[in-house]
Amino acid sequence: ALTIGIVGLPNVGKSTLFNALTKNSVLAANYPFATIEPNVGVVNLPDPRLDKLAEIFGSERIMPATVSFVDIAGIVRGASEGEGLGNQFLANIREADAIAQVVRGFSDSDVVHVDGAVNPASDMETINTELVLADLQTLEKAEARFEKEVKGKKLEPIVLETAKAAREYLDTGKPLSSSTIDLAPVRELGLLTAKPFIYVFNVDEPILQDAAKLDELAALVAPAKAVFLDAKLESELIDLDEADAAEMLESTGQTESGLDQLARIGFATLGLQTYLTAGPKESRAWTIPQGAKAPQAAGVIHTDFEKGFIKAEVISFDDLVETGSVAEARSKGKARMEGKDYTMQDGDVVEFRFNV
Ligand code: GDP
């Protein structure tokens, strides 16, 4: 599964957030035979549509999609030079498919800030600089190797050209994710700043209700997405039952917990979407890449579904709720038969027809 690596300077609240994530983890409950790594948290992707489907179909259980997070400790200034945990850090972060950077916005004089003061912009700059430097090193090493291989006709020149273009871009100090360079030829290098990025601002609770302040922070990172949460509050919410948690959230002016927001935005940042299936046994969300075609979507349920794909009967979630049943949706012409070129849409409720 694709994973989101959580990074951030020391004392920004990473562990607090990660503990809340792992307490919320569904791995232990749903996958009893999975090896549970201490630094991995798997949480449900919140999706209220599943409750509605379960109601319509009388489903016995609900199976949401999941989002995986990996706690990647150890970034400090100088990480790219292999200081301290640097090298291990870089190896771990290279394996993540997207990066969530926790940025400290809370002020608490009892919690020392590594640089002496709370300054989100400067914290982000510190981390981004380390990642840019790490990529520059990777590219410099790779270029020397690519030069030889191109000369020996063992490598397409485009690989070397792309590496050079990427290095020149990084020399401006900006992450590759903001460039228009097609990085596909150098994908194997696992360049860190080419990964999708989200920012998680760990702020004091009053700031969660201060729209102007949140806009200001969001503008700092745009076009990357920002999530705002209070890690301490999240770790308290986790211990409450649903009703108490909802009440506590409301008292802070929020409609969705920070962990749910992080799961939702993280999932989208990974380039993923879901489609839905429903029946008496279960109502379920299935994970597919954004833009997947119907046969590929069928293959997520079972490879035979993809091989023997004939058609997908698709009803949009809204149409299904409006008509109240599959039979009613069919008779009102709301059930579409889609073929192998159909691109799956968010909220599709699907039944596949296939040959076995
Ligand atoms: P890490 O080094 O980034 O993993 O940070 P920790 O999660 O260990 O947090 C460092 C300290 O900050 C701990 O004492 C936390 O209790 C405290 N802390 C974390 N999040 C918050 C927060 O949202 N508000 C306040 N006031 N303190 C926090």
# chains A, B, ... in the order shown; residues from 1 in each chain; ligands from 1
>>> residues_near_ligand(ligand="ligand 1", cutoff="6 Å", atoms="only C-alpha atoms and all ligand atoms", output="ChimeraX atom specification")
/A:10-16,106,108,111,202-204,230-232
>>> residues_around(residues="Leu237 of chain A", least_positions_apart="6", cutoff="10 Å", atoms="only C-alpha atoms", output="PyMOL selection string")
chain A and resi 20+231+244-249+257-259
>>> write_last_selection(atoms="C-alpha atoms", output="PDB file, in the first residue's frame")
ATOM      1  CA  ALA A  20      -3.096   9.386  18.205  1.00  0.00           C
ATOM      2  CA  ALA A 231      -2.149  17.252  18.338  1.00  0.00           C
ATOM      3  CA  ASP A 244     -18.317  12.906  23.617  1.00  0.00           C
ATOM      4  CA  ALA A 245     -15.736  13.334  20.869  1.00  0.00           C
ATOM      5  CA  ALA A 246     -18.308  15.016  18.614  1.00  0.00           C
ATOM      6  CA  GLU A 247     -19.275  17.369  21.431  1.00  0.00           C
ATOM      7  CA  MET A 248     -15.668  18.250  22.196  1.00  0.00           C
ATOM      8  CA  LEU A 249     -14.970  18.874  18.508  1.00  0.00           C
ATOM      9  CA  SER A 257     -11.305  15.749  13.622  1.00  0.00           C
ATOM     10  CA  GLY A 258      -7.783  16.644  12.569  1.00  0.00           C
ATOM     11  CA  LEU A 259      -6.948  12.963  12.143  1.00  0.00           C
TER      12      LEU A 259
END
>>> residues_around(residues="segment 164-167 of chain A", least_positions_apart="6", cutoff="12 Å", atoms="only C-alpha atoms", output="PyMOL selection string")
chain A and resi 132-144+146-147+157-158+173-187+189+191-194
>>> residues_around(residues="Val221 of chain A", least_positions_apart="5", cutoff="9 Å", atoms="only C-alpha atoms", output="VMD selection string")
chain A and resid 198 to 199 226
>>> residues_around(residues="Phe317 of chain A", least_positions_apart="4", cutoff="9 Å", atoms="only C-alpha atoms", output="list in words")
Arg49, Leu53, Leu276, Val321, Glu322, Asp346, Gly347, Asp348 and Val349 of chain A
>>> atom_distance(atom1="atom CA of Asn19 of chain A", atom2="atom CA of Leu2 of chain A")
20.0 Å
>>> closest_residue(among="A:Ile301, A:Thr343, A:Arg330, A:Ala263", to="Pro289 of chain A", atoms="only C-alpha atoms")
A:Thr343
>>> closest_residue(among="A:Glu338, A:Val300, A:Arg94, A:Leu217", to="Val7 of chain A", atoms="only C-alpha atoms")
A:Arg94
>>> select_by_dssp(residues="segment 140-346 of chain A", states="helix (DSSP H, G or I)", output="MDAnalysis selection string")
chainID A and resid 140:151 157:170 176:178 184:189 192:194 205:208 211:221 231:237 242:251 258:269 294:301 303:307 317:323 326:331
>>> closest_residue(among="A:Leu272, A:Val326, A:Met337, A:Ala91", to="Ala292 of chain A", atoms="only C-alpha atoms")
A:Leu272
>>> select_by_dssp(residues="segment 1-217 of chain A", states="strand (DSSP E)", output="PyMOL selection string")
chain A and resi 3-7+40-44+61-63+66-71+98-104+197-202
>>> write_last_selection(atoms="C-alpha atoms", output="short mmCIF file (atom, residue, chain, number, x, y, z; two decimals), in the first residue's frame")
data_model
loop_
_atom_site.label_atom_id
_atom_site.label_comp_id
_atom_site.auth_asym_id
_atom_site.auth_seq_id
_atom_site.Cartn_x
_atom_site.Cartn_y
_atom_site.Cartn_z
CA THR A 3 2.31 5.34 2.54
CA ILE A 4 2.64 8.88 3.82
CA GLY A 5 5.83 9.62 5.72
CA ILE A 6 5.44 11.98 8.67
CA VAL A 7 8.41 14.27 9.16
CA VAL A 40 3.34 2.43 10.97
CA GLY A 41 -0.21 3.64 11.59
CA VAL A 42 -3.09 2.56 9.39
CA VAL A 43 -6.30 4.53 9.79
CA ASN A 44 -9.70 4.43 8.17
CA ARG A 61 -20.49 -4.56 8.27
CA ILE A 62 -18.73 -1.55 6.86
CA MET A 63 -15.25 -1.69 5.35
CA THR A 66 -7.46 2.86 4.76
CA VAL A 67 -4.56 5.29 4.75
CA SER A 68 -1.07 4.31 5.94
CA PHE A 69 1.29 6.62 7.76
CA VAL A 70 4.93 6.03 8.64
CA ASP A 71 6.63 7.94 11.41
CA ALA A 98 4.07 11.26 -0.05
CA ILE A 99 5.38 13.41 2.77
CA ALA A 100 3.43 15.10 5.55
CA GLN A 101 5.47 17.70 7.34
CA VAL A 102 4.36 18.56 10.87
CA VAL A 103 5.00 22.21 11.62
CA ARG A 104 4.82 23.64 15.11
CA PHE A 197 3.73 17.14 0.07
CA ILE A 198 1.22 18.17 2.72
CA TYR A 199 1.75 20.42 5.69
CA VAL A 200 0.26 19.62 9.08
CA PHE A 201 0.15 22.68 11.30
CA ASN A 202 0.05 21.68 14.93
#
>>> residues_around(residues="Ala329 of chain A", least_positions_apart="4", cutoff="12 Å", atoms="only C-alpha atoms", output="PyMOL selection string")
chain A and resi 313-325+333-336+349
>>> atom_distance(atom1="atom CA of Ala268 of chain A", atom2="atom CA of Ala294 of chain A")
19.2 Å
